[in-house]
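What follows is start29.cif (mmCIF, C-alpha atoms and all ligand atoms).
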```cif
data_data
#
loop_
_atom_site.group_PDB
_atom_site.id
_atom_site.type_symbol
_atom_site.label_atom_id
_atom_site.label_comp_id
_atom_site.auth_asym_id
_atom_site.auth_seq_id
_atom_site.Cartn_x
_atom_site.Cartn_y
_atom_site.Cartn_z
ATOM 1 C CA MET A 9 92.805 128.315 131.551
ATOM 2 C CA ILE A 10 94.102 131.704 132.644
ATOM 3 C CA ARG A 11 97.514 131.776 134.345
ATOM 4 C CA LYS A 12 100.022 134.392 135.473
ATOM 5 C CA VAL A 13 102.570 134.977 132.653
ATOM 6 C CA PRO A 14 105.977 133.888 133.959
ATOM 7 C CA CYS A 15 108.134 136.385 131.918
ATOM 8 C CA LYS A 16 107.909 139.690 130.018
ATOM 9 C CA THR A 17 106.472 139.366 126.500
ATOM 10 C CA ARG A 18 106.445 141.630 123.440
ATOM 11 C CA LYS A 19 102.745 141.038 122.814
ATOM 12 C CA ASN A 20 99.855 140.823 125.230
ATOM 13 C CA GLU A 21 97.562 139.259 122.667
ATOM 14 C CA TYR A 22 97.848 137.147 119.533
ATOM 15 C CA THR A 23 95.288 137.115 116.726
ATOM 16 C CA LEU A 24 94.439 133.815 115.057
ATOM 17 C CA SER A 25 93.091 133.590 111.515
ATOM 18 C CA VAL A 26 90.179 131.186 111.171
ATOM 19 C CA GLU A 27 91.629 129.959 107.870
ATOM 20 C CA LYS A 28 94.720 128.820 109.748
ATOM 21 C CA LEU A 29 92.548 127.274 112.425
ATOM 22 C CA GLU A 30 90.671 125.435 109.705
ATOM 23 C CA GLY A 31 93.995 124.016 108.561
ATOM 24 C CA LEU A 32 94.288 122.411 111.976
ATOM 25 C CA PHE A 33 90.776 120.999 111.924
ATOM 26 C CA SER A 34 90.422 119.586 108.426
ATOM 27 C CA VAL A 35 92.715 117.212 106.621
ATOM 28 C CA PRO A 36 93.568 117.019 102.920
ATOM 29 C CA SER A 37 91.632 114.440 100.953
ATOM 30 C CA VAL A 38 93.482 111.740 99.030
ATOM 31 C CA MET A 39 90.585 109.615 97.803
ATOM 32 C CA PRO A 40 90.771 107.667 94.545
ATOM 33 C CA GLU A 41 87.963 108.489 92.131
ATOM 34 C CA TRP A 42 84.854 106.292 91.921
ATOM 35 C CA LYS A 43 83.958 106.031 88.247
ATOM 36 C CA PRO A 44 80.188 105.523 87.851
ATOM 37 C CA MET A 45 79.059 101.902 87.684
ATOM 38 C CA TYR A 46 75.640 100.367 87.229
ATOM 39 C CA ALA A 47 73.518 97.341 87.998
ATOM 40 C CA GLU A 48 70.366 95.729 86.686
ATOM 41 C CA LEU A 49 68.327 94.797 89.720
ATOM 42 C CA SER A 50 66.138 91.726 89.396
ATOM 43 C CA LEU A 51 62.828 92.470 91.014
ATOM 44 C CA LYS A 52 60.576 89.904 92.620
ATOM 45 C CA ASP A 53 58.022 90.096 89.795
ATOM 46 C CA GLY A 54 60.752 89.184 87.296
ATOM 47 C CA SER A 55 61.166 92.684 85.887
ATOM 48 C CA LYS A 56 64.454 94.629 85.832
ATOM 49 C CA GLN A 57 65.390 98.008 87.242
ATOM 50 C CA THR A 58 68.655 99.623 86.144
ATOM 51 C CA ILE A 59 70.409 101.822 88.669
ATOM 52 C CA LEU A 60 73.450 104.024 88.281
ATOM 53 C CA ILE A 61 75.849 104.063 91.213
ATOM 54 C CA ARG A 62 77.872 107.241 91.250
ATOM 55 C CA ALA A 63 79.548 109.574 93.729
ATOM 56 C CA ILE A 64 77.394 112.316 95.213
ATOM 57 C CA LYS A 65 78.002 115.772 93.730
ATOM 58 C CA ALA A 66 78.709 118.759 95.979
ATOM 59 C CA GLU A 67 75.457 120.459 94.998
ATOM 60 C CA GLU A 68 73.476 117.328 95.937
ATOM 61 C CA VAL A 69 74.619 117.232 99.552
ATOM 62 C CA ASP A 70 72.028 119.744 100.801
ATOM 63 C CA PRO A 71 68.975 118.314 99.027
ATOM 64 C CA LEU A 72 69.901 114.760 99.976
ATOM 65 C CA ALA A 73 70.475 115.809 103.600
ATOM 66 C CA ALA A 74 67.020 117.430 103.644
ATOM 67 C CA PHE A 75 65.529 114.220 102.235
ATOM 68 C CA ILE A 76 67.372 111.982 104.709
ATOM 69 C CA LYS A 77 66.396 114.220 107.620
ATOM 70 C CA LYS A 78 62.856 112.914 107.119
ATOM 71 C CA TYR A 79 64.002 109.419 108.079
ATOM 72 C CA THR A 80 65.254 110.626 111.448
ATOM 73 C CA ASP A 81 61.628 110.601 112.688
ATOM 74 C CA VAL A 82 60.919 107.085 111.447
ATOM 75 C CA GLU A 83 60.834 104.690 114.386
ATOM 76 C CA TYR A 84 60.836 101.651 112.153
ATOM 77 C CA ASP A 85 63.576 99.240 111.042
ATOM 78 C CA PHE A 86 66.212 101.555 112.597
ATOM 79 C CA TYR A 87 65.725 104.189 109.886
ATOM 80 C CA ASP A 88 65.863 106.915 112.579
ATOM 81 C CA ILE A 89 69.346 106.202 113.908
ATOM 82 C CA VAL A 90 70.768 105.382 110.492
ATOM 83 C CA GLY A 91 69.095 108.487 109.029
ATOM 84 C CA ALA A 92 70.499 110.695 111.792
ATOM 85 C CA ARG A 93 74.001 109.335 111.335
ATOM 86 C CA VAL A 94 73.907 109.657 107.544
ATOM 87 C CA PHE A 95 72.567 113.194 107.920
ATOM 88 C CA ALA A 96 75.587 114.006 110.103
ATOM 89 C CA GLU A 97 77.923 112.367 107.594
ATOM 90 C CA LEU A 98 76.526 114.566 104.825
ATOM 91 C CA LEU A 99 77.170 117.592 107.040
ATOM 92 C CA ALA A 100 80.689 116.259 107.564
ATOM 93 C CA ILE A 101 81.227 116.404 103.777
ATOM 94 C CA LYS A 102 79.864 119.940 103.661
ATOM 95 C CA ARG A 103 81.797 121.126 106.704
ATOM 96 C CA ASN A 104 84.920 119.105 105.947
ATOM 97 C CA ARG A 105 84.831 117.200 109.181
ATOM 98 C CA MET A 106 85.615 113.639 108.209
ATOM 99 C CA LYS A 107 88.736 112.181 106.696
ATOM 100 C CA ASP A 108 88.230 110.732 103.231
ATOM 101 C CA GLN A 109 84.544 109.993 103.256
ATOM 102 C CA TYR A 110 83.187 108.498 100.045
ATOM 103 C CA PHE A 111 79.462 108.700 99.436
ATOM 104 C CA LEU A 112 77.784 106.697 96.680
ATOM 105 C CA VAL A 113 74.213 107.211 95.502
ATOM 106 C CA GLY A 114 72.123 104.663 93.627
ATOM 107 C CA LEU A 115 69.866 106.439 91.137
ATOM 108 C CA ALA A 116 67.038 105.449 88.824
ATOM 109 C CA ASP A 117 65.783 108.153 86.464
ATOM 110 C CA GLY A 118 67.408 110.735 88.707
ATOM 111 C CA GLU A 119 65.644 109.522 91.835
ATOM 112 C CA PRO A 120 67.797 108.292 94.734
ATOM 113 C CA ILE A 121 67.094 104.609 95.369
ATOM 114 C CA GLY A 122 69.667 104.270 98.138
ATOM 115 C CA ILE A 123 73.102 105.273 99.358
ATOM 116 C CA ALA A 124 76.261 103.619 100.626
ATOM 117 C CA ASN A 125 79.099 105.470 102.315
ATOM 118 C CA GLY A 126 82.284 104.859 104.218
ATOM 119 C CA ARG A 127 85.691 106.338 104.768
ATOM 120 C CA ILE A 128 89.286 105.447 104.155
ATOM 121 C CA ARG A 129 91.034 105.228 107.517
ATOM 122 C CA ASP A 130 94.455 104.490 106.048
ATOM 123 C CA GLN A 131 96.118 102.339 103.400
ATOM 124 C CA LYS A 132 95.150 99.204 105.301
ATOM 125 C CA VAL A 133 91.623 99.799 106.605
ATOM 126 C CA ASN A 134 88.507 101.051 104.862
ATOM 127 C CA ILE A 135 85.562 101.674 107.161
ATOM 128 C CA SER A 136 81.995 101.006 106.121
ATOM 129 C CA LEU A 137 79.610 103.617 107.509
ATOM 130 C CA HIS A 138 76.055 103.117 106.206
ATOM 131 C CA THR A 139 73.837 101.634 103.554
ATOM 132 C CA MET A 140 70.277 102.880 103.138
ATOM 133 C CA ALA A 141 67.570 101.778 100.744
ATOM 134 C CA PHE A 142 64.927 104.397 99.934
ATOM 135 C CA LYS A 143 62.973 101.924 97.812
ATOM 136 C CA ARG A 144 62.199 98.812 99.792
ATOM 137 C CA ARG A 145 62.117 95.223 98.696
ATOM 138 C CA ILE A 146 63.852 95.733 95.379
ATOM 139 C CA ASN A 147 67.180 94.457 96.700
ATOM 140 C CA ALA A 148 68.954 97.767 96.153
ATOM 141 C CA GLY A 149 70.807 97.515 99.464
ATOM 142 C CA ALA A 150 72.900 94.491 98.517
ATOM 143 C CA ILE A 151 74.514 95.904 95.388
ATOM 144 C CA LEU A 152 75.063 99.277 97.065
ATOM 145 C CA PHE A 153 76.836 97.586 99.951
ATOM 146 C CA TYR A 154 78.846 95.478 97.512
ATOM 147 C CA ALA A 155 79.855 98.647 95.644
ATOM 148 C CA LYS A 156 81.554 99.922 98.808
ATOM 149 C CA CYS A 157 83.513 96.683 99.142
ATOM 150 C CA TRP A 158 84.517 97.018 95.486
ATOM 151 C CA TYR A 159 85.726 100.533 96.132
ATOM 152 C CA ALA A 160 87.783 99.425 99.147
ATOM 153 C CA PHE A 161 89.515 96.451 97.529
ATOM 154 C CA GLU A 162 89.513 97.068 93.789
ATOM 155 C CA ILE A 163 89.976 100.838 93.713
ATOM 156 C CA CYS A 164 91.594 101.915 96.984
ATOM 157 C CA GLY A 165 93.677 98.757 97.369
ATOM 158 C CA ASN A 166 92.828 98.426 101.066
ATOM 159 C CA ASP A 167 93.407 95.149 102.920
ATOM 160 C CA GLU A 168 90.447 95.187 105.321
ATOM 161 C CA PHE A 169 86.879 96.462 105.236
ATOM 162 C CA TRP A 170 85.455 97.133 108.698
ATOM 163 C CA VAL A 171 81.696 96.824 108.907
ATOM 164 C CA THR A 172 79.143 97.101 111.686
ATOM 165 C CA PHE A 173 75.362 97.049 111.848
ATOM 166 C CA GLU A 174 72.654 99.081 113.528
ATOM 167 C CA SER A 175 69.840 96.993 112.104
ATOM 168 C CA TYR A 176 68.902 93.360 111.620
ATOM 169 C CA ASN A 177 68.318 94.040 107.920
ATOM 170 C CA GLY A 178 71.834 95.437 107.627
ATOM 171 C CA TRP A 179 73.285 92.413 109.374
ATOM 172 C CA MET A 180 71.340 90.051 107.078
ATOM 173 C CA LEU A 181 72.577 91.960 104.049
ATOM 174 C CA ALA A 182 76.267 91.621 104.835
ATOM 175 C CA GLY A 183 77.081 90.059 108.190
ATOM 176 C CA TYR A 184 75.005 86.947 107.631
ATOM 177 C CA ASN A 185 74.956 86.766 103.852
ATOM 178 C CA MET A 186 78.704 87.312 103.489
ATOM 179 C CA GLY A 187 79.432 85.150 106.533
ATOM 180 C CA LEU A 188 81.696 87.770 108.082
ATOM 181 C CA PRO A 189 83.648 87.025 111.282
ATOM 182 C CA THR A 190 84.186 89.668 113.969
ATOM 183 C CA TYR A 191 87.284 90.969 115.634
ATOM 184 C CA ALA A 192 87.483 90.238 119.371
ATOM 185 C CA TRP A 193 85.231 92.725 121.183
ATOM 186 C CA PRO A 194 85.625 95.038 123.102
ATOM 187 C CA ALA A 195 89.338 94.955 122.259
ATOM 188 C CA VAL A 196 88.536 96.192 118.736
ATOM 189 C CA GLN A 197 85.565 98.510 118.279
ATOM 190 C CA HIS A 198 83.917 100.115 115.277
ATOM 191 C CA GLU A 199 83.823 103.883 115.217
ATOM 192 C CA LEU A 200 80.035 103.719 114.991
ATOM 193 C CA GLY A 201 79.156 103.511 118.667
ATOM 194 C CA GLY A 202 81.943 101.143 119.678
ATOM 195 C CA ALA A 203 80.059 98.190 118.207
ATOM 196 C CA LYS A 204 81.619 94.930 117.018
ATOM 197 C CA VAL A 205 83.741 95.069 113.878
ATOM 198 C CA TYR A 206 82.652 92.546 111.245
ATOM 199 C CA LEU A 207 85.661 91.936 109.072
ATOM 200 C CA LEU A 208 85.941 91.469 105.335
ATOM 201 C CA THR A 209 89.556 90.772 104.440
ATOM 202 C CA ARG A 210 91.096 91.092 101.005
ATOM 203 C CA GLU A 211 91.812 87.361 101.096
ATOM 204 C CA TYR A 212 88.157 86.421 101.706
ATOM 205 C CA TRP A 213 87.006 89.051 99.205
ATOM 206 C CA GLU A 214 89.178 87.521 96.488
ATOM 207 C CA GLN A 215 88.476 83.906 97.463
ATOM 208 C CA SER A 216 84.720 84.220 97.658
ATOM 209 C CA VAL A 217 82.747 87.434 98.123
ATOM 210 C CA ARG A 218 83.831 89.281 94.969
ATOM 211 C CA ASP A 219 82.494 86.634 92.617
ATOM 212 C CA GLU A 220 79.860 84.854 94.688
ATOM 213 C CA TYR A 221 77.952 87.673 96.380
ATOM 214 C CA PRO A 222 76.556 89.373 93.243
ATOM 215 C CA PRO A 223 74.785 86.314 91.759
ATOM 216 C CA GLN A 224 73.880 84.679 95.079
ATOM 217 C CA ILE A 225 72.717 87.632 97.171
ATOM 218 C CA ALA A 226 72.444 90.797 95.068
ATOM 219 C CA ARG A 227 70.992 88.870 92.117
ATOM 220 C CA CYS A 228 72.750 91.272 89.755
ATOM 221 C CA GLN A 229 76.274 92.332 88.763
ATOM 222 C CA LEU A 230 78.124 95.553 89.383
ATOM 223 C CA LEU A 231 79.019 96.753 85.905
ATOM 224 C CA ALA A 232 81.563 99.288 84.646
ATOM 225 C CA ASP A 233 81.159 101.815 81.819
ATOM 226 C CA PRO A 234 77.475 102.750 82.092
ATOM 227 C CA PRO A 235 75.746 103.590 78.816
ATOM 228 C CA ALA A 236 75.724 107.316 78.009
ATOM 229 C CA GLU A 237 71.925 107.393 78.205
ATOM 230 C CA LEU A 238 71.949 106.024 81.772
ATOM 231 C CA LEU A 239 74.536 108.611 82.800
ATOM 232 C CA LYS A 240 72.470 111.363 81.222
ATOM 233 C CA LYS A 241 69.230 110.250 82.889
ATOM 234 C CA ASN A 242 70.977 110.382 86.264
ATOM 235 C CA GLU A 243 73.061 113.498 85.793
ATOM 236 C CA LYS A 244 70.693 115.448 87.992
ATOM 237 C CA MET A 245 69.375 113.989 91.223
ATOM 238 C CA THR A 246 65.852 114.860 92.320
ATOM 239 C CA CYS A 247 64.694 113.719 95.737
ATOM 240 C CA PRO A 248 61.037 112.743 96.129
ATOM 241 C CA ASP A 249 58.830 114.925 98.355
ATOM 242 C CA SER A 250 57.950 112.061 100.652
ATOM 243 C CA ILE A 251 59.648 108.960 101.986
ATOM 244 C CA GLU A 252 58.524 105.339 102.065
ATOM 245 C CA VAL A 253 59.692 102.640 104.418
HETATM 246 C C1 LIG B 1 69.472 97.513 105.412
HETATM 247 C C2 LIG B 1 68.912 97.885 104.070
HETATM 248 C C3 LIG B 1 69.891 98.807 103.368
HETATM 249 C C4 LIG B 1 68.791 96.600 103.274
HETATM 250 O O1 LIG B 1 68.455 96.909 101.959
HETATM 251 P P1 LIG B 1 67.544 95.925 101.098
HETATM 252 O O2 LIG B 1 68.083 94.545 101.247
HETATM 253 O O3 LIG B 1 67.426 96.497 99.735
HETATM 254 O O4 LIG B 1 66.247 96.132 101.924
HETATM 255 P P2 LIG B 1 64.818 95.719 102.036
HETATM 256 O O5 LIG B 1 64.657 95.318 103.455
HETATM 257 O O6 LIG B 1 63.977 96.800 101.512
HETATM 258 O O7 LIG B 1 64.593 94.513 101.039
HETATM 259 C C5 LIG B 1 64.995 93.226 101.331
HETATM 260 C C6 LIG B 1 63.869 92.316 100.989
HETATM 261 O O8 LIG B 1 63.582 92.347 99.624
HETATM 262 C C7 LIG B 1 63.660 91.017 99.116
HETATM 263 N N1 LIG B 1 63.935 91.046 97.695
HETATM 264 C C8 LIG B 1 64.186 92.116 96.968
HETATM 265 N N2 LIG B 1 64.355 91.768 95.680
HETATM 266 C C9 LIG B 1 64.204 90.463 95.595
HETATM 267 C C10 LIG B 1 64.261 89.532 94.520
HETATM 268 N N3 LIG B 1 64.532 89.885 93.284
HETATM 269 N N4 LIG B 1 64.026 88.261 94.812
HETATM 270 C C11 LIG B 1 63.760 87.861 96.071
HETATM 271 N N5 LIG B 1 63.702 88.712 97.097
HETATM 272 C C12 LIG B 1 63.938 90.001 96.879
HETATM 273 C C13 LIG B 1 64.692 90.438 99.988
HETATM 274 O O9 LIG B 1 64.723 89.046 99.982
HETATM 275 C C14 LIG B 1 64.165 90.925 101.309
HETATM 276 O O10 LIG B 1 62.939 90.256 101.566
HETATM 277 P P3 LIG B 1 62.287 89.990 102.971
HETATM 278 O O11 LIG B 1 61.878 91.333 103.498
HETATM 279 O O12 LIG B 1 61.123 89.128 102.663
HETATM 280 O O13 LIG B 1 63.327 89.350 103.814
HETATM 281 C C15 LIG B 1 67.528 98.552 104.189
HETATM 282 O O14 LIG B 1 66.664 97.672 104.843
HETATM 283 C C16 LIG B 1 67.563 99.873 104.938
HETATM 284 O O15 LIG B 1 67.838 100.916 104.361
HETATM 285 N N6 LIG B 1 67.283 99.851 106.257
HETATM 286 C C17 LIG B 1 67.330 101.033 107.116
HETATM 287 C C18 LIG B 1 68.719 101.541 107.307
HETATM 288 C C19 LIG B 1 69.627 100.435 107.757
HETATM 289 O O16 LIG B 1 69.283 99.649 108.622
HETATM 290 N N7 LIG B 1 70.820 100.400 107.160
HETATM 291 C C20 LIG B 1 71.827 99.443 107.496
HETATM 292 C C21 LIG B 1 72.526 99.873 108.713
HETATM 293 S S1 LIG B 1 73.474 98.593 109.367
#
```
Rendering of file as structure tokens:
Amino acid sequence: MIRKVPCKTRKNEYTLSVEKLEGLFSVPSVMPEWKPMYAELSLKDGSKQTILIRAIKAEEVDPLAAFIKKYTDVEYDFYDIVGARVFAELLAIKRNRMKDQYFLVGLADGEPIGIANGRIRDQKVNISLHTMAFKRRINAGAILFYAKCWYAFEICGNDEFWVTFESYNGWMLAGYNMGLPTYAWPAVQHELGGAKVYLLTREYWEQSVRDEYPPQIARCQLLADPPAELLKKNEKMTCPDSIEV
């Protein structure tokens, strides 16, 4: 707003550097590293599919965003809203507009099978953002979601994982299958649209979810120290030309 200046001043104008402005807008990142892990998915026909779960690389943000943009037109199983939000979250990585966002990709032979992302709010709370499966009906979503929980509790040392759901499939995956309670609503709201917060506590993680979810729901284990060959095969990510839902 323009106002009359109430005293004499040495300068009539001040110049601001955009680098200094940027310092006001973005915050330093303090995220612990996600070391690549892997899982052997058990498919319905009895065969196995090994996926590597690793952090996205800076150079993969643009191609993955272009790939995910395609889902924003898909009016099916809530892929449009989830796609649009994940697209924005990838831009937030590129433009440095979200505090401590971690973004995991599940890859098979360099092809993205799904993603799982979230952000560290503070030492106590880790916030789940989204899980997406690009290959359907291979149960990729469950282990990707579980990987985020692992990151929150086993790597970041957080006490609570705050989850919410845009889709029924997402709710089945974690809300129902993990048996998560909610915080009182609307007193506590998730940052995704003010929806209910489904809560996974460290206590419940250690008592039950950590050991029971992989065999019961994901039908595979999250494994450390991927073989060198698996790492090599998934060093470079290549997005398919088309999407399937
Ligand atoms: C939510 C989402 C990540 C769930 O991932 P997912 O569980 O791998 O997803 P899918 O729906 O493709 O596959 C699940 C199905 O495969 C089945 N399945 C896969 N592997 C199986 C196996 N080895 N044995 C038995 N069933 C298996 C599951 O039982 C389920 O079957 P159903 O459709 O008959 O119920 C995924 O549906 C998605 O990306 N949706 C759009 C985005 C979204 O909604 N994200 C979550 C936001 S809250």
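For the choices A:Asn185, A:Gly202, A:Pro194, A:Lys241, the atom-to-atom distance to Ser216 in chain A is smallest for A:Asn185 when using only C-alpha atoms.
If you measure from each of A:Val94, A:Ala155, A:Leu49, A:Leu207 to Gly183 in chain A using only C-alpha atoms, the closest one turns out to be A:Leu207.
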Dump as CSV the rows for residues of chain A within 9 Å of ligand LIG 1 (chain B): closest atom pair and distance in Å with one decimal, all atoms listed in the file counted, ordered by chain and rising residue number.
```
residue,atom,partner,partner_atom,distance
A:Leu49,CA,B:LIG1,N3,7.2
A:Ser50,CA,B:LIG1,N3,4.6
A:Leu51,CA,B:LIG1,N3,3.8
A:Lys52,CA,B:LIG1,N3,4.0
A:Asp53,CA,B:LIG1,N3,7.4
A:Gly54,CA,B:LIG1,N3,7.1
A:Ser55,CA,B:LIG1,N3,8.6
A:Lys56,CA,B:LIG1,N3,8.8
A:Tyr84,CA,B:LIG1,C17,8.2
A:Asp85,CA,B:LIG1,C17,5.7
A:Phe86,CA,B:LIG1,O16,5.4
A:Tyr87,CA,B:LIG1,C17,4.5
A:Asp88,CA,B:LIG1,C18,8.1
A:Ile89,CA,B:LIG1,C18,8.1
A:Val90,CA,B:LIG1,C18,5.4
A:Gly91,CA,B:LIG1,C18,7.2
A:Gly122,CA,B:LIG1,O15,7.3
A:Ile123,CA,B:LIG1,C3,8.3
A:Ala124,CA,B:LIG1,C3,8.4
A:Leu137,CA,B:LIG1,C21,8.1
A:His138,CA,B:LIG1,C21,5.4
A:Thr139,CA,B:LIG1,C3,4.9
A:Met140,CA,B:LIG1,O15,3.4
A:Ala141,CA,B:LIG1,O15,3.7
A:Phe142,CA,B:LIG1,O15,6.3
A:Lys143,CA,B:LIG1,O6,6.4
A:Arg144,CA,B:LIG1,O6,3.2
A:Arg145,CA,B:LIG1,O8,3.4
A:Ile146,CA,B:LIG1,C8,4.0
A:Asn147,CA,B:LIG1,O3,3.7
A:Ala148,CA,B:LIG1,O3,4.1
A:Gly149,CA,B:LIG1,O1,3.5
A:Ala150,CA,B:LIG1,O2,5.5
A:Ile151,CA,B:LIG1,O3,8.3
A:Leu152,CA,B:LIG1,C3,8.2
A:Phe153,CA,B:LIG1,C3,7.8
A:Val171,CA,B:LIG1,S1,8.4
A:Thr172,CA,B:LIG1,S1,6.3
A:Phe173,CA,B:LIG1,S1,3.5
A:Glu174,CA,B:LIG1,S1,4.3
A:Ser175,CA,B:LIG1,O16,4.4
A:Tyr176,CA,B:LIG1,O16,7.0
A:Asn177,CA,B:LIG1,C1,4.4
A:Gly178,CA,B:LIG1,C1,3.8
A:Trp179,CA,B:LIG1,S1,6.2
A:Met180,CA,B:LIG1,C1,7.9
A:Leu181,CA,B:LIG1,O2,5.9
A:Ala182,CA,B:LIG1,S1,8.8
A:Ile225,CA,B:LIG1,O9,8.6
A:Ala226,CA,B:LIG1,N3,8.2
A:Arg227,CA,B:LIG1,N3,6.6
A:Val253,CA,B:LIG1,O6,7.8
```
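Among A:Tyr191, A:Tyr79, A:Trp170, A:Tyr110, the residue with the shortest atom-to-atom distance to Ser37 in chain A, counting only C-alpha atoms, is A:Tyr110.
Across the structure, CA of Leu231 in chain A and CA of Ala47 in chain A are spaced 5.9 Å apart.
Pairwise distance (CA of Met45 in chain A, CA of Lys78 in chain A) equals 27.6 Å.
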Mind writing range 120-141 of chain A to a file for me, with N, CA and C atoms, as a PDB file, in the first residue's frame?
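Below you can see part-v7.pdb, which holds the result:
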```pdb
ATOM      1  N   PRO A 120       9.531 -46.420 -14.493  1.00  0.00           N
ATOM      2  CA  PRO A 120       8.857 -46.137 -13.219  1.00  0.00           C
ATOM      3  C   PRO A 120       7.576 -46.953 -13.080  1.00  0.00           C
ATOM      4  N   ILE A 121       7.492 -47.667 -11.951  1.00  0.00           N
ATOM      5  CA  ILE A 121       6.355 -48.537 -11.657  1.00  0.00           C
ATOM      6  C   ILE A 121       5.387 -47.798 -10.736  1.00  0.00           C
ATOM      7  N   GLY A 122       5.944 -46.858  -9.956  1.00  0.00           N
ATOM      8  CA  GLY A 122       5.124 -46.062  -9.058  1.00  0.00           C
ATOM      9  C   GLY A 122       5.999 -45.087  -8.293  1.00  0.00           C
ATOM     10  N   ILE A 123       5.341 -44.255  -7.503  1.00  0.00           N
ATOM     11  CA  ILE A 123       6.085 -43.289  -6.674  1.00  0.00           C
ATOM     12  C   ILE A 123       5.447 -43.227  -5.280  1.00  0.00           C
ATOM     13  N   ALA A 124       6.203 -42.699  -4.349  1.00  0.00           N
ATOM     14  CA  ALA A 124       5.658 -42.413  -3.017  1.00  0.00           C
ATOM     15  C   ALA A 124       6.427 -41.196  -2.505  1.00  0.00           C
ATOM     16  N   ASN A 125       5.695 -40.190  -2.053  1.00  0.00           N
ATOM     17  CA  ASN A 125       6.398 -39.002  -1.549  1.00  0.00           C
ATOM     18  C   ASN A 125       5.755 -38.492  -0.264  1.00  0.00           C
ATOM     19  N   GLY A 126       6.456 -37.593   0.363  1.00  0.00           N
ATOM     20  CA  GLY A 126       5.972 -37.009   1.612  1.00  0.00           C
ATOM     21  C   GLY A 126       6.910 -35.884   1.992  1.00  0.00           C
ATOM     22  N   ARG A 127       6.728 -35.369   3.187  1.00  0.00           N
ATOM     23  CA  ARG A 127       7.665 -34.337   3.633  1.00  0.00           C
ATOM     24  C   ARG A 127       7.819 -34.381   5.153  1.00  0.00           C
ATOM     25  N   ILE A 128       8.974 -33.926   5.576  1.00  0.00           N
ATOM     26  CA  ILE A 128       9.243 -33.930   7.016  1.00  0.00           C
ATOM     27  C   ILE A 128       8.788 -32.583   7.556  1.00  0.00           C
ATOM     28  N   ARG A 129       7.732 -32.605   8.386  1.00  0.00           N
ATOM     29  CA  ARG A 129       7.258 -31.325   8.934  1.00  0.00           C
ATOM     30  C   ARG A 129       8.214 -30.828  10.009  1.00  0.00           C
ATOM     31  N   ASP A 130       8.551 -31.737  10.923  1.00  0.00           N
ATOM     32  CA  ASP A 130       9.500 -31.410  11.996  1.00  0.00           C
ATOM     33  C   ASP A 130       9.984 -32.725  12.600  1.00  0.00           C
ATOM     34  N   GLN A 131      10.706 -32.657  13.685  1.00  0.00           N
ATOM     35  CA  GLN A 131      11.264 -33.873  14.283  1.00  0.00           C
ATOM     36  C   GLN A 131      10.162 -34.874  14.644  1.00  0.00           C
ATOM     37  N   LYS A 132       8.984 -34.334  14.996  1.00  0.00           N
ATOM     38  CA  LYS A 132       7.919 -35.219  15.458  1.00  0.00           C
ATOM     39  C   LYS A 132       7.099 -35.804  14.293  1.00  0.00           C
ATOM     40  N   VAL A 133       6.692 -34.948  13.366  1.00  0.00           N
ATOM     41  CA  VAL A 133       5.695 -35.375  12.372  1.00  0.00           C
ATOM     42  C   VAL A 133       6.265 -35.468  10.958  1.00  0.00           C
ATOM     43  N   ASN A 134       5.998 -36.593  10.330  1.00  0.00           N
ATOM     44  CA  ASN A 134       6.322 -36.803   8.925  1.00  0.00           C
ATOM     45  C   ASN A 134       4.986 -36.905   8.184  1.00  0.00           C
ATOM     46  N   ILE A 135       4.869 -36.174   7.093  1.00  0.00           N
ATOM     47  CA  ILE A 135       3.580 -36.100   6.408  1.00  0.00           C
ATOM     48  C   ILE A 135       3.606 -36.878   5.105  1.00  0.00           C
ATOM     49  N   SER A 136       2.704 -37.833   4.990  1.00  0.00           N
ATOM     50  CA  SER A 136       2.579 -38.583   3.747  1.00  0.00           C
ATOM     51  C   SER A 136       1.855 -37.705   2.729  1.00  0.00           C
ATOM     52  N   LEU A 137       2.403 -37.617   1.526  1.00  0.00           N
ATOM     53  CA  LEU A 137       1.705 -36.864   0.473  1.00  0.00           C
ATOM     54  C   LEU A 137       0.979 -37.854  -0.450  1.00  0.00           C
ATOM     55  N   HIS A 138       1.717 -38.515  -1.358  1.00  0.00           N
ATOM     56  CA  HIS A 138       0.991 -39.390  -2.302  1.00  0.00           C
ATOM     57  C   HIS A 138       1.713 -40.697  -2.589  1.00  0.00           C
ATOM     58  N   THR A 139       0.917 -41.658  -3.010  1.00  0.00           N
ATOM     59  CA  THR A 139       1.436 -42.903  -3.573  1.00  0.00           C
ATOM     60  C   THR A 139       0.723 -43.072  -4.901  1.00  0.00           C
ATOM     61  N   MET A 140       1.473 -43.415  -5.929  1.00  0.00           N
ATOM     62  CA  MET A 140       0.840 -43.688  -7.237  1.00  0.00           C
ATOM     63  C   MET A 140       1.433 -44.953  -7.820  1.00  0.00           C
ATOM     64  N   ALA A 141       0.575 -45.783  -8.388  1.00  0.00           N
ATOM     65  CA  ALA A 141       1.053 -46.971  -9.095  1.00  0.00           C
ATOM     66  C   ALA A 141       0.845 -46.720 -10.590  1.00  0.00           C
TER      67      ALA A 141
END
```
